[in-house]
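Visitor: Just target38.csv, nothing more (CSV, C-alpha atoms):
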chain,number,residue,atom,x,y,z
L,745,MET,CA,21.4,17.4,-8.3
L,746,THR,CA,19.0,19.4,-6.0
L,747,ALA,CA,15.4,18.9,-5.1
L,748,SER,CA,14.4,21.6,-7.6
L,749,SER,CA,16.5,20.1,-10.4
L,750,ILE,CA,14.9,16.7,-9.7
L,751,GLN,CA,11.5,18.4,-10.0
L,752,ALA,CA,12.7,19.9,-13.3
L,753,ARG,CA,13.7,16.4,-14.5
L,754,LEU,CA,10.2,15.1,-13.7
L,755,LYS,CA,8.6,18.0,-15.5
L,756,ALA,CA,10.7,17.2,-18.6
L,757,LEU,CA,9.5,13.5,-18.4
L,758,SER,CA,5.9,14.4,-18.0
L,759,ASP,CA,3.2,13.2,-20.4
L,760,PRO,CA,0.0,15.4,-20.1
L,761,ALA,CA,-2.2,12.8,-21.7
L,762,TYR,CA,-1.1,10.1,-19.2
L,763,GLY,CA,-1.6,12.7,-16.4
L,764,ASP,CA,-5.2,13.2,-17.5
L,765,PHE,CA,-5.7,9.4,-17.5
L,766,HIS,CA,-4.0,8.9,-14.2
L,767,SER,CA,-5.9,11.7,-12.6
L,768,GLY,CA,-9.1,9.8,-13.1
L,769,LEU,CA,-7.7,6.9,-11.0
L,770,ILE,CA,-7.1,9.0,-7.9
L,771,PRO,CA,-10.2,10.9,-6.9
L,772,GLY,CA,-9.6,13.9,-4.7
L,773,LEU,CA,-6.2,14.7,-6.0
L,774,ASP,CA,-6.0,17.9,-8.0
L,775,ARG,CA,-5.1,17.4,-11.6
L,776,GLU,CA,-2.5,20.2,-11.5
L,777,LYS,CA,-0.6,18.2,-8.9
L,778,ILE,CA,0.0,15.3,-11.4
L,779,LEU,CA,2.8,15.8,-13.9
L,780,GLY,CA,2.0,12.5,-15.7
L,781,VAL,CA,5.4,10.8,-15.5
L,782,ARG,CA,5.1,7.1,-16.4
L,783,MET,CA,6.3,4.5,-13.9
L,784,PRO,CA,9.2,3.1,-16.1
L,785,ALA,CA,10.7,6.6,-16.3
L,786,LEU,CA,10.2,7.1,-12.5
L,787,ARG,CA,12.0,3.8,-11.9
L,788,ARG,CA,14.9,4.8,-14.2
L,789,LEU,CA,15.3,8.1,-12.3
L,790,GLU,CA,15.2,6.3,-9.0
L,791,ARG,CA,18.0,4.0,-10.1
L,792,GLU,CA,20.0,7.0,-11.1
L,793,LEU,CA,19.5,8.7,-7.8
L,794,ARG,CA,19.8,5.6,-5.5
L,795,GLY,CA,22.5,6.0,-2.9
L,796,THR,CA,23.4,9.5,-3.8
L,797,GLN,CA,23.4,12.6,-1.7
L,798,ALA,CA,20.9,14.1,-4.1
L,799,ALA,CA,18.5,11.3,-3.0
L,800,VAL,CA,19.1,12.1,0.6
L,801,ASP,CA,18.5,15.8,0.0
L,802,PHE,CA,15.3,15.1,-2.0
L,803,MET,CA,13.8,12.8,0.7
L,804,SER,CA,14.5,15.4,3.3
L,805,THR,CA,12.5,18.0,1.3
L,806,LEU,CA,8.8,17.6,2.4
L,807,PRO,CA,6.1,18.3,1.5
L,808,HIS,CA,6.6,17.8,-2.2
L,809,GLU,CA,4.6,19.8,-4.8
L,810,PHE,CA,3.7,17.1,-7.2
L,811,TYR,CA,2.2,13.6,-6.9
L,812,ASP,CA,5.1,12.3,-9.2
L,813,GLU,CA,7.6,13.5,-6.6
L,814,TYR,CA,5.9,11.4,-3.9
L,815,CYS,CA,6.0,8.4,-6.2
L,816,LEU,CA,9.8,8.9,-6.8
L,817,HIS,CA,10.2,9.4,-3.0
L,818,GLY,CA,8.4,6.1,-2.3
L,819,LEU,CA,10.6,4.2,-4.9
L,820,LEU,CA,13.7,5.6,-3.2
L,821,ILE,CA,12.4,4.3,0.2
L,822,ASN,CA,11.7,0.9,-1.3
L,823,SER,CA,15.3,0.6,-2.4
L,824,ILE,CA,16.9,1.2,1.0
L,825,LYS,CA,18.4,-2.0,2.2
L,826,ALA,CA,19.0,-1.3,5.9
L,827,TYR,CA,15.9,-1.7,8.0
L,828,PRO,CA,16.6,1.1,10.5
L,829,ASP,CA,17.2,3.6,7.6
L,830,ALA,CA,14.1,2.5,5.7
L,831,LEU,CA,12.0,2.8,8.8
L,832,LEU,CA,13.3,6.2,9.6
L,833,GLU,CA,12.5,7.5,6.1
L,834,LEU,CA,9.0,5.9,6.2
L,835,GLU,CA,8.2,7.7,9.5
L,836,ARG,CA,9.1,11.0,7.8
L,837,PHE,CA,7.1,10.2,4.7
L,838,LEU,CA,3.9,8.5,5.8
L,839,PRO,CA,2.3,11.7,7.3
L,840,TYR,CA,2.3,13.2,3.8
L,841,VAL,CA,0.8,10.2,2.0
L,842,ASP,CA,-2.7,11.3,1.0
L,843,ASN,CA,-3.8,8.8,-1.8
L,844,TRP,CA,-4.0,5.1,-2.4
L,845,ALA,CA,-1.5,5.0,-5.3
L,846,VAL,CA,1.5,6.4,-3.4
L,847,CYS,CA,0.5,4.3,-0.4
L,848,ASP,CA,0.4,1.0,-2.3
L,849,LEU,CA,3.6,1.8,-4.1
L,850,LEU,CA,5.5,1.5,-0.8
L,851,SER,CA,7.0,-1.9,-0.3
L,852,PRO,CA,10.5,-1.6,1.3
L,853,ALA,CA,13.0,-4.2,0.3
L,854,ALA,CA,14.3,-4.0,3.9
L,855,PHE,CA,11.0,-5.6,5.1
L,856,LYS,CA,11.4,-8.9,3.1
L,857,ALA,CA,13.2,-10.7,5.9
L,858,ARG,CA,10.6,-9.6,8.4
L,859,PRO,CA,13.1,-8.0,10.8
L,860,ASN,CA,12.6,-8.0,14.5
L,861,GLY,CA,10.2,-5.3,15.5
L,862,LEU,CA,8.4,-5.1,12.2
L,863,MET,CA,5.2,-6.6,13.6
L,864,ASP,CA,5.2,-4.0,16.4
L,865,GLU,CA,5.5,-1.3,13.8
L,866,ILE,CA,2.6,-2.7,11.8
L,867,LYS,CA,0.4,-2.7,15.0
L,868,ARG,CA,1.4,0.9,15.5
L,869,TRP,CA,0.6,2.0,12.0
L,870,ILE,CA,-2.7,0.2,12.1
L,871,SER,CA,-3.6,1.9,15.4
L,872,SER,CA,-2.5,5.3,14.1
L,873,GLY,CA,-6.0,6.5,13.0
L,874,ALA,CA,-4.5,8.1,9.9
L,875,ALA,CA,-6.2,6.4,6.9
L,876,TYR,CA,-3.2,5.9,4.6
L,877,THR,CA,-0.9,4.9,7.4
L,878,VAL,CA,-3.5,2.3,8.4
L,879,ARG,CA,-3.8,1.2,4.8
L,880,PHE,CA,0.0,1.0,4.6
L,881,GLY,CA,0.2,-1.2,7.7
L,882,LEU,CA,-2.4,-3.5,6.4
L,883,GLY,CA,-0.5,-3.7,3.1
L,884,VAL,CA,2.7,-4.7,4.9
L,885,LEU,CA,0.8,-7.3,6.9
L,886,MET,CA,-0.7,-8.7,3.7
L,887,GLY,CA,2.6,-8.6,1.7
L,888,PHE,CA,5.0,-10.0,4.3
L,889,TYR,CA,3.0,-12.1,6.7
L,890,LEU,CA,0.5,-14.3,4.9
L,891,ASP,CA,3.0,-17.0,4.1
L,892,GLU,CA,5.9,-17.6,6.4
L,893,GLY,CA,5.5,-15.6,9.6
L,894,PHE,CA,1.7,-15.9,9.6
L,895,ALA,CA,-0.1,-16.1,12.9
L,896,PRO,CA,-3.9,-16.4,13.3
L,897,GLU,CA,-4.1,-13.3,15.5
L,898,GLN,CA,-3.0,-11.2,12.6
L,899,LEU,CA,-6.5,-11.8,11.1
L,900,GLU,CA,-8.0,-10.2,14.1
L,901,LEU,CA,-5.7,-7.2,13.7
L,902,ALA,CA,-6.8,-6.7,10.2
L,903,ALA,CA,-10.5,-7.2,11.0
L,904,SER,CA,-10.2,-4.5,13.7
L,905,CYS,CA,-9.5,-1.9,10.9
L,906,CYS,CA,-13.1,-2.0,9.5
L,907,CYS,CA,-14.2,1.7,9.8
L,908,GLU,CA,-15.8,4.5,7.7
L,909,GLU,CA,-12.7,5.1,5.5
L,910,TYR,CA,-13.3,3.7,2.0
L,911,TYR,CA,-9.6,3.1,1.2
L,912,VAL,CA,-9.0,1.4,4.6
L,913,ASN,CA,-12.0,-0.9,4.1
L,914,MET,CA,-10.8,-1.7,0.6
L,915,MET,CA,-7.5,-2.9,1.9
L,916,VAL,CA,-9.1,-5.0,4.6
L,917,ALA,CA,-11.2,-6.7,1.9
L,918,TRP,CA,-8.0,-7.2,-0.2
L,919,TYR,CA,-6.3,-8.6,2.9
L,920,PHE,CA,-9.1,-11.1,3.6
L,921,ALA,CA,-9.4,-12.2,-0.1
L,922,THR,CA,-5.7,-12.9,-0.1
L,923,ALA,CA,-5.9,-14.7,3.3
L,924,LEU,CA,-8.7,-16.9,1.9
L,925,CYS,CA,-6.2,-18.0,-0.8
L,926,LYS,CA,-3.2,-18.4,1.4
L,927,GLN,CA,-4.6,-19.2,4.9
L,928,GLU,CA,-8.1,-20.6,4.1
L,929,ARG,CA,-8.6,-22.6,7.3
L,930,ALA,CA,-7.8,-19.6,9.5
L,931,ALA,CA,-9.6,-16.9,7.4
L,932,LEU,CA,-12.8,-18.7,6.4
L,933,PRO,CA,-14.4,-18.5,9.9
L,934,TYR,CA,-14.3,-14.6,9.6
L,935,ILE,CA,-16.5,-14.9,6.6
L,936,GLU,CA,-18.7,-17.7,7.9
L,937,GLY,CA,-19.2,-15.9,11.2
L,938,ARG,CA,-19.7,-12.4,9.6
L,939,ARG,CA,-17.0,-11.0,11.8
L,940,LEU,CA,-16.3,-8.1,9.3
L,941,SER,CA,-18.6,-5.2,8.5
L,942,ARG,CA,-21.2,-6.0,5.9
L,943,TRP,CA,-19.5,-4.0,3.1
L,944,VAL,CA,-16.0,-5.4,3.8
L,945,HIS,CA,-17.5,-8.9,4.1
L,946,ASN,CA,-19.1,-8.7,0.7
L,947,ARG,CA,-16.2,-7.0,-0.9
L,948,SER,CA,-13.8,-9.7,0.4
L,949,ILE,CA,-16.0,-12.4,-1.1
L,950,GLN,CA,-16.2,-10.5,-4.4
L,951,LYS,CA,-12.4,-10.1,-4.6
L,952,ALA,CA,-11.8,-13.7,-3.7
L,953,ILE,CA,-14.3,-14.9,-6.4
L,954,GLU,CA,-12.4,-12.7,-8.9
L,955,SER,CA,-9.0,-14.2,-7.9
L,956,ARG,CA,-7.5,-16.8,-10.1
L,957,ARG,CA,-5.8,-18.3,-7.1
L,958,ILE,CA,-9.0,-19.4,-5.4
L,959,PRO,CA,-10.3,-22.9,-6.4
L,960,PRO,CA,-13.7,-23.1,-8.0
L,961,GLU,CA,-15.2,-25.1,-5.1
L,962,LEU,CA,-14.3,-22.4,-2.6
L,963,LYS,CA,-15.7,-19.7,-4.9
L,964,ASP,CA,-19.0,-21.6,-5.0
L,965,TYR,CA,-19.1,-21.8,-1.3
L,966,LEU,CA,-18.2,-18.1,-0.8
L,967,ARG,CA,-21.1,-17.2,-3.1
L,968,THR,CA,-23.5,-18.8,-0.6
L,969,LEU,CA,-22.0,-16.6,2.2
L,970,ARG,CA,-22.8,-13.2,0.7
L,971,TRP,CA,-24.4,-10.9,3.3
L,972,LYS,CA,-27.7,-9.7,1.8
Could you render the structure from this file as structure tokens?

Guide:
Amino acid sequence: MTASSIQARLKALSDPAYGDFHSGLIPGLDREKILGVRMPALRRLERELRGTQAAVDFMSTLPHEFYDEYCLHGLLINSIKAYPDALLELERFLPYVDNWAVCDLLSPAAFKARPNGLMDEIKRWISSGAAYTVRFGLGVLMGFYLDEGFAPEQLELAASCCCEEYYVNMMVAWYFATALCKQERAALPYIEGRRLSRWVHNRSIQKAIESRRIPPELKDYLRTLRWK
């Protein structure tokens, strides 16, 4: 199966009505770039391609034409078990990520054990200056280091990302809302001391209040800390 035949498979799986709906969720992405393939179908195709030469050839063909191809590509990266191979494919892929949906889909299985060097890579992604690479780095920090492997200095790393980029700031807020749940003692001083930008501060509080994992008494206290 070639890259062009994979694209043909995706076109055959497309649902225009779903594409219309999904387009509204990703501002700035042209509607004609979205085929409208639903995630279960993408996951089935990824399982079919996983470990094949066709997958290798497809991942080497960048840039892609359609958003759905980027989603499939991300799913294939997620399934790579060897950390060096996953990292290599990510480095090829990240410069082409231009929307939050593809960015947030990325969660390589190879990262679950927090291999040596991953924190250094996170710092490099966060300092890259490329909005969706920064967002990805924050997502990895949130997904793999807020439980085992947490260190207080990671909060400062996340706080340093506050900027003018909406989708970066949204991820910083998501990170701190999650940190308030999992690492309350370390994270709360960032809110009490207004160490984030005003927008990120207030959005972090809002997301924490909306979370089912935050206890009611902490939610009540966070409400008093809104930055007016």

Visitor: Of the residues L:Ile770, L:Cys925, L:Leu793, L:Leu966, which is the one nearest to Leu820 in chain L, using all atoms listed in the file?

Guide: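 Checking each candidate against Leu820 in chain L, we get L:Leu793 as the closest.
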
Visitor: Which of these residues is nearest to Glu892 in chain L, using all atoms listed in the file: L:Gln927, L:Trp869, L:Phe920, L:Val878?

Guide: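 Selected residue with least distance to Glu892 in chain L: L:Gln927.
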
Visitor: Would you mind telling me which residue in L:Gly887, L:Gly780, L:Pro828, L:Gly873 lies nearest to Glu813 in chain L when using only C-alpha atoms?

Guide: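 Checking each candidate against Glu813 in chain L, we get L:Gly780 as the closest.
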
Visitor: Which value, in Å to one decimal, gives the distance between CA of Ile778 in chain L and CA of Arg879 in chain L?

Guide: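 Going from CA of Ile778 in chain L over to CA of Arg879 in chain L, I get 21.8 Å.
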
Visitor: Could you work out how far CA of Leu769 in chain L lies from CA of Leu901 in chain L, giving the answer in Å with one decimal?

Guide: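 The value is 28.5 Å.
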
Visitor: Between L:Met863, L:Ala931, L:Ala875, L:Ala917, which residue has the minimum interatomic distance to Gly893 in chain L, considering only C-alpha atoms?

Guide: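 Between L:Met863, L:Ala931, L:Ala875, L:Ala917, the residue approaching Gly893 in chain L most closely is L:Met863.
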
Visitor: Hey, can you pull every residue with an atom no more than 12 Å from (11.1, 1.2, -1.5), using all atoms listed in the file, and send it as a PyMOL selection string?

Guide: chain L and resi 787+790-791+794+814-827+829-831+833-834+837+846-856

Visitor: I'd like the interatomic distance between CA of Ala845 in chain L and CA of Lys926 in chain L, to a tenth of an Å.

Guide: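 Separating CA of Ala845 in chain L from CA of Lys926 in chain L is a distance of 24.4 Å.
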
Visitor: Taking (-8.2, -11.7, 0.1) as a centre in this file's frame and 6 Å as the limit, can you find every polymer residue with an atom that close, using all atoms listed in the file, and give them as JSON, numbers by chain?

Guide: {"L": [918, 919, 920, 921, 922, 923, 924, 948, 952]}

Visitor: Please produce a file of the residues just selected, as a short mmCIF file (atom, residue, chain, number, x, y, z; two decimals), in the frame of the given file, where the atoms kept are C-alpha atoms.

Guide:
data_model
loop_
_atom_site.label_atom_id
_atom_site.label_comp_id
_atom_site.auth_asym_id
_atom_site.auth_seq_id
_atom_site.Cartn_x
_atom_site.Cartn_y
_atom_site.Cartn_z
CA TRP L 918 -8.00 -7.20 -0.20
CA TYR L 919 -6.30 -8.60 2.90
CA PHE L 920 -9.10 -11.10 3.60
CA ALA L 921 -9.40 -12.20 -0.10
CA THR L 922 -5.70 -12.90 -0.10
CA ALA L 923 -5.90 -14.70 3.30
CA LEU L 924 -8.70 -16.90 1.90
CA SER L 948 -13.80 -9.70 0.40
CA ALA L 952 -11.80 -13.70 -3.70
#

Visitor: With distances taken over only C-alpha atoms, which residue among L:Trp844, L:Arg868, L:Thr805, L:Tyr889 lies nearest Met914 in chain L?

Guide: L:Trp844
